[in-house]
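Raw contents of structure-v9.txt, compact mmCIF, N, CA and C atoms and all ligand atoms:
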# COMPACT_ATOMS: atom_id res chain seq x y z
N MET C 507 0.85 -1.20 0.00
CA MET C 507 0.00 0.00 0.00
C MET C 507 0.88 1.25 0.00
N THR C 508 0.52 2.23 -0.83
CA THR C 508 1.32 3.45 -0.86
C THR C 508 1.03 4.29 0.40
N ARG C 509 1.91 5.25 0.64
CA ARG C 509 1.70 6.15 1.79
C ARG C 509 0.37 6.88 1.65
N GLN C 510 0.08 7.29 0.42
CA GLN C 510 -1.16 8.03 0.18
C GLN C 510 -2.39 7.16 0.48
N GLU C 511 -2.32 5.88 0.10
CA GLU C 511 -3.44 4.97 0.38
C GLU C 511 -3.62 4.76 1.88
N LEU C 512 -2.50 4.67 2.59
CA LEU C 512 -2.59 4.49 4.04
C LEU C 512 -3.22 5.73 4.68
N CYS C 513 -2.81 6.89 4.20
CA CYS C 513 -3.39 8.15 4.70
C CYS C 513 -4.88 8.19 4.40
N GLN C 514 -5.28 7.73 3.24
CA GLN C 514 -6.69 7.74 2.85
C GLN C 514 -7.50 6.84 3.79
N LYS C 515 -6.93 5.72 4.18
CA LYS C 515 -7.63 4.82 5.11
C LYS C 515 -7.84 5.50 6.46
N ALA C 516 -6.85 6.27 6.90
CA ALA C 516 -7.00 7.01 8.16
C ALA C 516 -8.11 8.05 8.02
N VAL C 517 -8.12 8.75 6.90
CA VAL C 517 -9.14 9.79 6.67
C VAL C 517 -10.54 9.17 6.67
N GLU C 518 -10.68 8.01 6.06
CA GLU C 518 -11.99 7.34 6.01
C GLU C 518 -12.52 7.02 7.40
N MET C 519 -11.62 6.85 8.36
CA MET C 519 -12.05 6.51 9.73
C MET C 519 -12.64 7.70 10.49
N LEU C 520 -12.43 8.91 9.97
CA LEU C 520 -12.98 10.09 10.66
C LEU C 520 -14.50 9.98 10.82
N SER C 521 -15.14 9.37 9.84
CA SER C 521 -16.61 9.27 9.89
C SER C 521 -17.08 8.22 10.89
N ARG C 522 -16.17 7.36 11.33
CA ARG C 522 -16.55 6.32 12.31
C ARG C 522 -16.31 6.79 13.75
N ALA C 523 -15.60 7.90 13.91
CA ALA C 523 -15.26 8.35 15.26
C ALA C 523 -16.53 8.62 16.08
N TYR C 524 -16.49 8.21 17.33
CA TYR C 524 -17.61 8.47 18.25
C TYR C 524 -17.16 9.58 19.19
N VAL C 525 -17.55 10.81 18.85
CA VAL C 525 -16.98 11.98 19.54
C VAL C 525 -18.05 12.98 19.97
N PRO C 526 -19.07 12.54 20.74
CA PRO C 526 -20.14 13.46 21.12
C PRO C 526 -19.68 14.52 22.13
N TYR C 527 -18.53 14.35 22.72
CA TYR C 527 -18.07 15.29 23.77
C TYR C 527 -17.04 16.27 23.23
N SER C 528 -16.02 15.78 22.56
CA SER C 528 -15.00 16.69 22.04
C SER C 528 -15.34 17.22 20.65
N HIS C 529 -16.16 16.49 19.92
CA HIS C 529 -16.43 16.83 18.51
C HIS C 529 -15.12 16.95 17.73
N PHE C 530 -14.17 16.10 18.09
CA PHE C 530 -12.85 16.13 17.44
C PHE C 530 -12.52 14.72 16.94
N PRO C 531 -13.01 14.39 15.75
CA PRO C 531 -12.75 13.05 15.22
C PRO C 531 -11.27 12.86 14.85
N VAL C 532 -10.77 11.68 15.15
CA VAL C 532 -9.40 11.31 14.77
C VAL C 532 -9.46 9.94 14.09
N GLY C 533 -8.68 9.78 13.05
CA GLY C 533 -8.61 8.50 12.35
C GLY C 533 -7.18 8.02 12.28
N ALA C 534 -7.00 6.70 12.29
CA ALA C 534 -5.66 6.13 12.22
C ALA C 534 -5.68 4.89 11.34
N ALA C 535 -4.55 4.63 10.69
CA ALA C 535 -4.39 3.40 9.91
C ALA C 535 -2.99 2.87 10.20
N LEU C 536 -2.94 1.68 10.77
CA LEU C 536 -1.69 1.06 11.23
C LEU C 536 -1.31 -0.06 10.27
N GLU C 537 -0.13 0.06 9.69
CA GLU C 537 0.34 -0.94 8.73
C GLU C 537 1.27 -1.93 9.42
N CYS C 538 0.92 -3.20 9.32
CA CYS C 538 1.74 -4.27 9.91
C CYS C 538 2.93 -4.58 8.98
N SER C 539 3.88 -5.31 9.51
CA SER C 539 5.09 -5.63 8.73
C SER C 539 4.77 -6.45 7.49
N ASP C 540 3.68 -7.22 7.52
CA ASP C 540 3.31 -8.02 6.34
C ASP C 540 2.36 -7.26 5.40
N GLY C 541 2.09 -5.99 5.72
CA GLY C 541 1.25 -5.17 4.84
C GLY C 541 -0.21 -5.09 5.25
N THR C 542 -0.62 -5.94 6.19
CA THR C 542 -2.00 -5.87 6.68
C THR C 542 -2.22 -4.52 7.36
N VAL C 543 -3.40 -3.94 7.16
CA VAL C 543 -3.69 -2.64 7.76
C VAL C 543 -4.86 -2.75 8.73
N PHE C 544 -4.68 -2.20 9.91
CA PHE C 544 -5.77 -2.09 10.89
C PHE C 544 -6.08 -0.61 11.08
N THR C 545 -7.35 -0.29 11.03
CA THR C 545 -7.75 1.11 11.19
C THR C 545 -8.33 1.34 12.58
N GLY C 546 -8.44 2.61 12.95
CA GLY C 546 -9.02 2.94 14.26
C GLY C 546 -9.57 4.35 14.27
N CYS C 547 -10.48 4.58 15.19
CA CYS C 547 -11.01 5.93 15.40
C CYS C 547 -11.11 6.15 16.91
N ASN C 548 -11.28 7.39 17.31
CA ASN C 548 -11.46 7.61 18.75
C ASN C 548 -12.90 7.27 19.15
N VAL C 549 -13.02 6.72 20.33
CA VAL C 549 -14.30 6.28 20.88
C VAL C 549 -14.42 6.88 22.28
N GLU C 550 -15.29 7.88 22.40
CA GLU C 550 -15.38 8.60 23.68
C GLU C 550 -16.45 7.99 24.59
N ASN C 551 -16.49 8.50 25.81
CA ASN C 551 -17.39 7.95 26.82
C ASN C 551 -17.88 9.09 27.71
N ALA C 552 -19.13 8.98 28.18
CA ALA C 552 -19.72 10.02 29.01
C ALA C 552 -18.92 10.26 30.29
N ALA C 553 -18.19 9.24 30.73
CA ALA C 553 -17.35 9.40 31.92
C ALA C 553 -15.96 9.93 31.55
N TYR C 554 -15.77 10.30 30.29
CA TYR C 554 -14.54 10.88 29.74
C TYR C 554 -13.32 9.97 29.85
N GLY C 555 -12.99 9.54 31.07
CA GLY C 555 -11.76 8.75 31.30
C GLY C 555 -11.65 7.50 30.44
N PRO C 556 -12.74 6.77 30.27
CA PRO C 556 -12.64 5.53 29.47
C PRO C 556 -12.51 5.75 27.97
N SER C 557 -12.46 6.99 27.52
CA SER C 557 -12.34 7.26 26.08
C SER C 557 -11.06 6.65 25.52
N ASN C 558 -11.11 6.26 24.27
CA ASN C 558 -9.94 5.66 23.64
C ASN C 558 -9.56 6.42 22.37
N CYS C 559 -8.27 6.68 22.23
CA CYS C 559 -7.79 7.39 21.04
C CYS C 559 -7.81 6.48 19.81
N ALA C 560 -7.79 7.11 18.66
CA ALA C 560 -7.80 6.38 17.38
C ALA C 560 -6.60 5.43 17.25
N GLU C 561 -5.44 5.90 17.66
CA GLU C 561 -4.22 5.10 17.50
C GLU C 561 -4.29 3.83 18.35
N ARG C 562 -4.75 4.00 19.58
CA ARG C 562 -4.83 2.80 20.44
C ARG C 562 -5.93 1.86 19.98
N THR C 563 -7.00 2.39 19.43
CA THR C 563 -8.02 1.51 18.86
C THR C 563 -7.38 0.63 17.79
N ALA C 564 -6.58 1.24 16.92
CA ALA C 564 -5.93 0.47 15.84
C ALA C 564 -4.96 -0.56 16.40
N VAL C 565 -4.15 -0.15 17.37
CA VAL C 565 -3.17 -1.09 17.94
C VAL C 565 -3.88 -2.26 18.63
N PHE C 566 -4.92 -1.96 19.39
CA PHE C 566 -5.58 -3.03 20.13
C PHE C 566 -6.33 -3.97 19.18
N LYS C 567 -6.87 -3.42 18.11
CA LYS C 567 -7.49 -4.28 17.11
C LYS C 567 -6.45 -5.23 16.52
N ALA C 568 -5.29 -4.69 16.18
CA ALA C 568 -4.24 -5.51 15.55
C ALA C 568 -3.73 -6.58 16.51
N VAL C 569 -3.38 -6.17 17.72
CA VAL C 569 -2.79 -7.13 18.67
C VAL C 569 -3.81 -8.22 19.01
N SER C 570 -5.06 -7.84 19.14
CA SER C 570 -6.08 -8.83 19.48
C SER C 570 -6.35 -9.80 18.33
N GLU C 571 -5.89 -9.44 17.14
CA GLU C 571 -6.02 -10.34 15.99
C GLU C 571 -4.71 -11.08 15.70
N GLY C 572 -3.74 -10.93 16.60
CA GLY C 572 -2.50 -11.70 16.46
C GLY C 572 -1.36 -10.99 15.76
N TYR C 573 -1.50 -9.70 15.50
CA TYR C 573 -0.45 -8.92 14.83
C TYR C 573 0.30 -8.06 15.85
N ARG C 574 1.62 -8.17 15.85
CA ARG C 574 2.42 -7.41 16.83
C ARG C 574 3.59 -6.65 16.21
N SER C 575 3.73 -6.73 14.93
CA SER C 575 4.87 -6.10 14.27
C SER C 575 4.36 -5.07 13.27
N PHE C 576 4.75 -3.83 13.49
CA PHE C 576 4.19 -2.72 12.71
C PHE C 576 5.28 -1.88 12.08
N ARG C 577 4.97 -1.31 10.89
CA ARG C 577 5.99 -0.45 10.27
C ARG C 577 5.58 1.01 10.15
N ARG C 578 4.30 1.29 9.95
CA ARG C 578 3.90 2.69 9.79
C ARG C 578 2.52 2.90 10.39
N ILE C 579 2.27 4.15 10.79
CA ILE C 579 0.90 4.52 11.17
C ILE C 579 0.60 5.89 10.58
N ALA C 580 -0.58 6.02 10.00
CA ALA C 580 -1.05 7.33 9.53
C ALA C 580 -2.12 7.81 10.50
N ILE C 581 -2.04 9.08 10.86
CA ILE C 581 -2.96 9.67 11.84
C ILE C 581 -3.51 10.97 11.26
N THR C 582 -4.82 11.14 11.38
CA THR C 582 -5.40 12.37 10.85
C THR C 582 -6.52 12.90 11.73
N ALA C 583 -6.72 14.21 11.65
CA ALA C 583 -7.87 14.86 12.28
C ALA C 583 -8.37 15.89 11.27
N ASP C 584 -9.60 16.31 11.46
CA ASP C 584 -10.19 17.27 10.53
C ASP C 584 -9.76 18.69 10.92
N SER C 585 -8.47 18.92 10.86
CA SER C 585 -7.93 20.22 11.29
C SER C 585 -6.77 20.61 10.38
N ASP C 586 -6.51 21.92 10.34
CA ASP C 586 -5.36 22.38 9.56
C ASP C 586 -4.06 21.96 10.23
N ALA C 587 -4.09 21.95 11.56
CA ALA C 587 -2.89 21.53 12.29
C ALA C 587 -2.76 20.01 12.22
N PHE C 588 -1.55 19.52 12.25
CA PHE C 588 -1.35 18.08 12.34
C PHE C 588 -1.79 17.60 13.72
N CYS C 589 -2.21 16.34 13.80
CA CYS C 589 -2.65 15.77 15.07
C CYS C 589 -1.62 14.74 15.54
N PRO C 590 -0.68 15.14 16.36
CA PRO C 590 0.33 14.18 16.82
C PRO C 590 -0.27 13.24 17.87
N PRO C 591 0.23 12.03 17.98
CA PRO C 591 -0.31 11.10 18.97
C PRO C 591 -0.07 11.59 20.39
N CYS C 592 -1.04 11.36 21.27
CA CYS C 592 -0.89 11.78 22.67
C CYS C 592 0.19 10.91 23.34
N GLY C 593 0.58 11.31 24.52
CA GLY C 593 1.65 10.61 25.23
C GLY C 593 1.33 9.16 25.51
N VAL C 594 0.09 8.89 25.86
CA VAL C 594 -0.30 7.50 26.17
C VAL C 594 -0.18 6.65 24.90
N CYS C 595 -0.65 7.18 23.78
CA CYS C 595 -0.55 6.43 22.52
C CYS C 595 0.91 6.22 22.11
N ARG C 596 1.75 7.20 22.34
CA ARG C 596 3.17 7.03 22.02
C ARG C 596 3.74 5.86 22.80
N GLN C 597 3.40 5.78 24.06
CA GLN C 597 3.90 4.69 24.90
C GLN C 597 3.37 3.33 24.42
N VAL C 598 2.10 3.29 24.07
CA VAL C 598 1.50 2.03 23.58
C VAL C 598 2.13 1.62 22.25
N LEU C 599 2.37 2.58 21.38
CA LEU C 599 2.99 2.27 20.09
C LEU C 599 4.41 1.75 20.28
N GLN C 600 5.15 2.34 21.21
CA GLN C 600 6.54 1.93 21.37
C GLN C 600 6.67 0.55 21.99
N GLU C 601 5.65 0.07 22.65
CA GLU C 601 5.67 -1.29 23.20
C GLU C 601 5.87 -2.32 22.08
N PHE C 602 5.26 -2.04 20.94
CA PHE C 602 5.31 -3.01 19.84
C PHE C 602 6.21 -2.57 18.70
N ALA C 603 6.42 -1.28 18.54
CA ALA C 603 7.13 -0.81 17.35
C ALA C 603 7.98 0.42 17.64
N PRO C 604 9.09 0.25 18.36
CA PRO C 604 9.92 1.42 18.67
C PRO C 604 10.46 2.13 17.44
N ASP C 605 10.55 1.42 16.31
CA ASP C 605 11.07 2.03 15.09
C ASP C 605 9.97 2.45 14.12
N LEU C 606 8.78 2.61 14.64
CA LEU C 606 7.63 2.96 13.80
C LEU C 606 7.81 4.30 13.09
N GLU C 607 7.32 4.35 11.85
CA GLU C 607 7.23 5.62 11.13
C GLU C 607 5.83 6.18 11.39
N VAL C 608 5.77 7.46 11.73
CA VAL C 608 4.49 8.11 12.03
C VAL C 608 4.22 9.16 10.97
N ILE C 609 3.08 9.01 10.30
CA ILE C 609 2.72 9.95 9.23
C ILE C 609 1.49 10.73 9.67
N LEU C 610 1.65 12.02 9.80
CA LEU C 610 0.53 12.89 10.19
C LEU C 610 -0.06 13.50 8.92
N VAL C 611 -1.38 13.55 8.86
CA VAL C 611 -2.07 14.11 7.69
C VAL C 611 -3.06 15.15 8.18
N ASN C 612 -3.03 16.32 7.59
CA ASN C 612 -4.03 17.32 7.98
C ASN C 612 -5.19 17.33 6.99
N ARG C 613 -6.15 18.21 7.21
CA ARG C 613 -7.36 18.19 6.37
C ARG C 613 -7.09 18.64 4.93
N ARG C 614 -5.94 19.28 4.74
CA ARG C 614 -5.58 19.69 3.38
C ARG C 614 -4.83 18.59 2.63
N GLY C 615 -4.62 17.46 3.35
CA GLY C 615 -3.91 16.36 2.71
C GLY C 615 -2.40 16.51 2.78
N GLU C 616 -1.94 17.53 3.52
CA GLU C 616 -0.49 17.69 3.70
C GLU C 616 -0.02 16.66 4.72
N THR C 617 1.21 16.19 4.55
CA THR C 617 1.71 15.16 5.47
C THR C 617 3.01 15.62 6.14
N LYS C 618 3.21 15.05 7.33
CA LYS C 618 4.46 15.27 8.05
C LYS C 618 4.93 13.91 8.55
N ARG C 619 6.16 13.55 8.23
CA ARG C 619 6.68 12.23 8.62
C ARG C 619 7.65 12.36 9.77
N LEU C 620 7.44 11.52 10.76
CA LEU C 620 8.27 11.52 11.96
C LEU C 620 8.59 10.08 12.32
N THR C 621 9.50 9.90 13.24
CA THR C 621 9.70 8.56 13.79
C THR C 621 9.19 8.57 15.22
N LEU C 622 8.81 7.38 15.68
CA LEU C 622 8.35 7.30 17.07
C LEU C 622 9.49 7.66 18.03
N ARG C 623 10.72 7.34 17.61
CA ARG C 623 11.87 7.69 18.47
C ARG C 623 11.99 9.21 18.63
N GLU C 624 11.63 9.94 17.61
CA GLU C 624 11.64 11.41 17.72
C GLU C 624 10.54 11.87 18.68
N LEU C 625 9.40 11.18 18.61
CA LEU C 625 8.25 11.59 19.42
C LEU C 625 8.35 11.14 20.87
N LEU C 626 9.12 10.08 21.10
CA LEU C 626 9.22 9.53 22.46
C LEU C 626 10.66 9.11 22.76
N PRO C 627 11.53 10.10 22.91
CA PRO C 627 12.93 9.77 23.17
C PRO C 627 13.13 9.25 24.60
N TYR C 628 14.18 8.46 24.77
CA TYR C 628 14.57 7.97 26.10
C TYR C 628 13.36 7.33 26.81
N SER C 629 12.68 6.45 26.08
CA SER C 629 11.42 5.89 26.58
C SER C 629 11.64 4.70 27.50
N PHE C 630 10.64 4.42 28.28
CA PHE C 630 10.62 3.24 29.13
C PHE C 630 10.06 2.09 28.34
N GLY C 631 10.76 0.96 28.36
CA GLY C 631 10.27 -0.20 27.61
C GLY C 631 10.59 -1.50 28.32
N SER C 632 10.32 -2.60 27.65
CA SER C 632 10.48 -3.92 28.28
C SER C 632 11.91 -4.17 28.73
N SER C 633 12.89 -3.58 28.03
CA SER C 633 14.29 -3.82 28.41
C SER C 633 14.60 -3.24 29.78
N ASN C 634 13.91 -2.21 30.17
CA ASN C 634 14.10 -1.64 31.51
C ASN C 634 13.73 -2.63 32.59
N LEU C 635 12.70 -3.40 32.35
CA LEU C 635 12.25 -4.39 33.34
C LEU C 635 13.25 -5.54 33.42
N GLU C 636 13.87 -5.87 32.29
CA GLU C 636 14.81 -7.00 32.28
C GLU C 636 16.07 -6.71 33.09
N GLU C 637 16.39 -5.44 33.30
CA GLU C 637 17.60 -5.09 34.05
C GLU C 637 17.41 -5.18 35.55
N LYS C 638 16.24 -5.54 35.97
CA LYS C 638 15.93 -5.60 37.40
C LYS C 638 16.85 -6.55 38.16
N1 LIG G 701 -7.35 11.90 20.30
C1 LIG G 701 -7.00 10.83 19.52
O1 LIG G 701 -7.83 9.99 19.17
N2 LIG G 701 -5.69 10.72 19.18
C2 LIG G 701 -4.74 11.63 19.48
O2 LIG G 701 -3.60 11.44 19.13
C3 LIG G 701 -5.07 12.85 20.20
C4 LIG G 701 -6.43 12.90 20.77
C5 LIG G 701 -8.76 12.04 20.66
C6 LIG G 701 -9.07 11.85 22.11
C7 LIG G 701 -10.39 12.57 22.21
O3 LIG G 701 -11.43 11.70 21.79
C8 LIG G 701 -10.28 13.69 21.21
O4 LIG G 701 -9.21 13.33 20.34
C9 LIG G 701 -9.99 15.05 21.83
O5 LIG G 701 -8.89 14.99 22.65
Could I get this structure in the form of structure tokens?
Amino acid sequence: MTRQELCQKAVEMLSRAYVPYSHFPVGAALECSDGTVFTGCNVENAAYGPSNCAERTAVFKAVSEGYRSFRRIAITADSDAFCPPCGVCRQVLQEFAPDLEVILVNRRGETKRLTLRELLPYSFGSSNLEEK
């Protein structure tokens, strides 16, 4: 799948977002190492705390289907500004894919490419636990 196609899959998820509180839809498309793509949207909750971001929806869908190796994620919101993943999502992404490429797409279709290592430097991971 091309980068543009992956971005398009993220954009298509904006319409699935359940956002009655923030009115801020986010879409994500996570590409596995074998090319399989899992999509996600944010799913909010009246109690606010249980809300789930689009990126984590995609990761949890993938992992629950047996996929743990990822190469890229496209993330979009209906805004001129890019929508970078929140801190919790960065941590969840780095659990499975510390070398992930992160592609941000804005509503104009402009993209910004980053690495997860840039977004979450000096992170805590499984190797920290092994040094115990
Ligand atoms: N949100 C995401 O889904 N991903 C992000 O990376 C940032 C924030 C969601 C959470 C909430 O539903 C809404 O955007 C406003 O914060």
Ligand LIG 701 (chain G): axis-aligned bounding box, 5 Å on each side, centre and edge lengths in Å, one decimal, as lines of an AutoDock Vina configuration file:
center_x = -7.5
center_y = 12.5
center_z = 20.9
size_x = 17.8
size_y = 15.1
size_z = 13.5
Requested in this report: Work out how far apart CA of Gly546 in chain C and CA of Cys559 in chain C are and give it in Å to one decimal.
Outcome: 8.2 Å
Requested in this report: For each of C:Val532, C:Glu607, C:Thr621, C:Lys515, take the minimum atom-to-atom distance to Phe544 in chain C, counting all atoms listed in the file, then give the residue where this is smallest.
Outcome: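 Closest candidate: C:Lys515.
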**Report entry** Contacts with ligand LIG 701 (chain G) at most 7 Å, only N, CA and C atoms and all ligand atoms counted, listed as number ranges by chain
**Finding:** C: 524-525, 528-533, 547-550, 557-562, 589-593, 595
Query raised in the report: Any idea what's packed within 9 Å of Ala603 in chain C, counting only C-alpha atoms, ignoring anything in its chain fewer than 5 positions away? Could you give it as a list in words?
Result: Arg574, Ser575, Phe576, Arg577, Arg578, Val598 and Leu622 of chain C
Requested in this report: Would you please give, as a PyMOL selection string, all residues of range 518-620 of chain C that DSSP assigns to helix (DSSP H, G or I) based on the backbone?
Outcome: chain C and resi 518-522+560-570+593-602
Preceding selection exported with N, CA and C atoms as a PDB file, in the coordinates of the input:
ATOM      1  N   GLU C 518     -10.680   8.010   6.060  1.00  0.00           N
ATOM      2  CA  GLU C 518     -11.990   7.340   6.010  1.00  0.00           C
ATOM      3  C   GLU C 518     -12.520   7.020   7.400  1.00  0.00           C
ATOM      4  N   MET C 519     -11.620   6.850   8.360  1.00  0.00           N
ATOM      5  CA  MET C 519     -12.050   6.510   9.730  1.00  0.00           C
ATOM      6  C   MET C 519     -12.640   7.700  10.490  1.00  0.00           C
ATOM      7  N   LEU C 520     -12.430   8.910   9.970  1.00  0.00           N
ATOM      8  CA  LEU C 520     -12.980  10.090  10.660  1.00  0.00           C
ATOM      9  C   LEU C 520     -14.500   9.980  10.820  1.00  0.00           C
ATOM     10  N   SER C 521     -15.140   9.370   9.840  1.00  0.00           N
ATOM     11  CA  SER C 521     -16.610   9.270   9.890  1.00  0.00           C
ATOM     12  C   SER C 521     -17.080   8.220  10.890  1.00  0.00           C
ATOM     13  N   ARG C 522     -16.170   7.360  11.330  1.00  0.00           N
ATOM     14  CA  ARG C 522     -16.550   6.320  12.310  1.00  0.00           C
ATOM     15  C   ARG C 522     -16.310   6.790  13.750  1.00  0.00           C
ATOM     16  N   ALA C 560      -7.790   7.110  18.660  1.00  0.00           N
ATOM     17  CA  ALA C 560      -7.800   6.380  17.380  1.00  0.00           C
ATOM     18  C   ALA C 560      -6.600   5.430  17.250  1.00  0.00           C
ATOM     19  N   GLU C 561      -5.440   5.900  17.660  1.00  0.00           N
ATOM     20  CA  GLU C 561      -4.220   5.100  17.500  1.00  0.00           C
ATOM     21  C   GLU C 561      -4.290   3.830  18.350  1.00  0.00           C
ATOM     22  N   ARG C 562      -4.750   4.000  19.580  1.00  0.00           N
ATOM     23  CA  ARG C 562      -4.830   2.800  20.440  1.00  0.00           C
ATOM     24  C   ARG C 562      -5.930   1.860  19.980  1.00  0.00           C
ATOM     25  N   THR C 563      -7.000   2.390  19.430  1.00  0.00           N
ATOM     26  CA  THR C 563      -8.020   1.510  18.860  1.00  0.00           C
ATOM     27  C   THR C 563      -7.380   0.630  17.790  1.00  0.00           C
ATOM     28  N   ALA C 564      -6.580   1.240  16.920  1.00  0.00           N
ATOM     29  CA  ALA C 564      -5.930   0.470  15.840  1.00  0.00           C
ATOM     30  C   ALA C 564      -4.960  -0.560  16.400  1.00  0.00           C
ATOM     31  N   VAL C 565      -4.150  -0.150  17.370  1.00  0.00           N
ATOM     32  CA  VAL C 565      -3.170  -1.090  17.940  1.00  0.00           C
ATOM     33  C   VAL C 565      -3.880  -2.260  18.630  1.00  0.00           C
ATOM     34  N   PHE C 566      -4.920  -1.960  19.390  1.00  0.00           N
ATOM     35  CA  PHE C 566      -5.580  -3.030  20.130  1.00  0.00           C
ATOM     36  C   PHE C 566      -6.330  -3.970  19.180  1.00  0.00           C
ATOM     37  N   LYS C 567      -6.870  -3.420  18.110  1.00  0.00           N
ATOM     38  CA  LYS C 567      -7.490  -4.280  17.110  1.00  0.00           C
ATOM     39  C   LYS C 567      -6.450  -5.230  16.520  1.00  0.00           C
ATOM     40  N   ALA C 568      -5.290  -4.690  16.180  1.00  0.00           N
ATOM     41  CA  ALA C 568      -4.240  -5.510  15.550  1.00  0.00           C
ATOM     42  C   ALA C 568      -3.730  -6.580  16.510  1.00  0.00           C
ATOM     43  N   VAL C 569      -3.380  -6.170  17.720  1.00  0.00           N
ATOM     44  CA  VAL C 569      -2.790  -7.130  18.670  1.00  0.00           C
ATOM     45  C   VAL C 569      -3.810  -8.220  19.010  1.00  0.00           C
ATOM     46  N   SER C 570      -5.060  -7.840  19.140  1.00  0.00           N
ATOM     47  CA  SER C 570      -6.080  -8.830  19.480  1.00  0.00           C
ATOM     48  C   SER C 570      -6.350  -9.800  18.330  1.00  0.00           C
ATOM     49  N   GLY C 593       0.580  11.310  24.520  1.00  0.00           N
ATOM     50  CA  GLY C 593       1.650  10.610  25.230  1.00  0.00           C
ATOM     51  C   GLY C 593       1.330   9.160  25.510  1.00  0.00           C
ATOM     52  N   VAL C 594       0.090   8.890  25.860  1.00  0.00           N
ATOM     53  CA  VAL C 594      -0.300   7.500  26.170  1.00  0.00           C
ATOM     54  C   VAL C 594      -0.180   6.650  24.900  1.00  0.00           C
ATOM     55  N   CYS C 595      -0.650   7.180  23.780  1.00  0.00           N
ATOM     56  CA  CYS C 595      -0.550   6.430  22.520  1.00  0.00           C
ATOM     57  C   CYS C 595       0.910   6.220  22.110  1.00  0.00           C
ATOM     58  N   ARG C 596       1.750   7.200  22.340  1.00  0.00           N
ATOM     59  CA  ARG C 596       3.170   7.030  22.020  1.00  0.00           C
ATOM     60  C   ARG C 596       3.740   5.860  22.800  1.00  0.00           C
ATOM     61  N   GLN C 597       3.400   5.780  24.060  1.00  0.00           N
ATOM     62  CA  GLN C 597       3.900   4.690  24.900  1.00  0.00           C
ATOM     63  C   GLN C 597       3.370   3.330  24.420  1.00  0.00           C
ATOM     64  N   VAL C 598       2.100   3.290  24.070  1.00  0.00           N
ATOM     65  CA  VAL C 598       1.500   2.030  23.580  1.00  0.00           C
ATOM     66  C   VAL C 598       2.130   1.620  22.250  1.00  0.00           C
ATOM     67  N   LEU C 599       2.370   2.580  21.380  1.00  0.00           N
ATOM     68  CA  LEU C 599       2.990   2.270  20.090  1.00  0.00           C
ATOM     69  C   LEU C 599       4.410   1.750  20.280  1.00  0.00           C
ATOM     70  N   GLN C 600       5.150   2.340  21.210  1.00  0.00           N
ATOM     71  CA  GLN C 600       6.540   1.930  21.370  1.00  0.00           C
ATOM     72  C   GLN C 600       6.670   0.550  21.990  1.00  0.00           C
ATOM     73  N   GLU C 601       5.650   0.070  22.650  1.00  0.00           N
ATOM     74  CA  GLU C 601       5.670  -1.290  23.200  1.00  0.00           C
ATOM     75  C   GLU C 601       5.870  -2.320  22.080  1.00  0.00           C
ATOM     76  N   PHE C 602       5.260  -2.040  20.940  1.00  0.00           N
ATOM     77  CA  PHE C 602       5.310  -3.010  19.840  1.00  0.00           C
ATOM     78  C   PHE C 602       6.210  -2.570  18.700  1.00  0.00           C
TER      79      PHE C 602
END
Requested in this report: Choose the residue, out of C:Asp540, C:Glu571, C:Glu636, C:Asp584, that has the smallest atom-to-atom separation from Arg614 in chain C; count only C-alpha atoms.
Outcome: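 Closest to Arg614 in chain C, using only C-alpha atoms: C:Asp584.
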Query raised in the report: Quick one: DSSP strand (DSSP E) residues in chain C, as a ChimeraX atom specification?
Result: /C:532-538,543-547,576-583,607-611,617-621
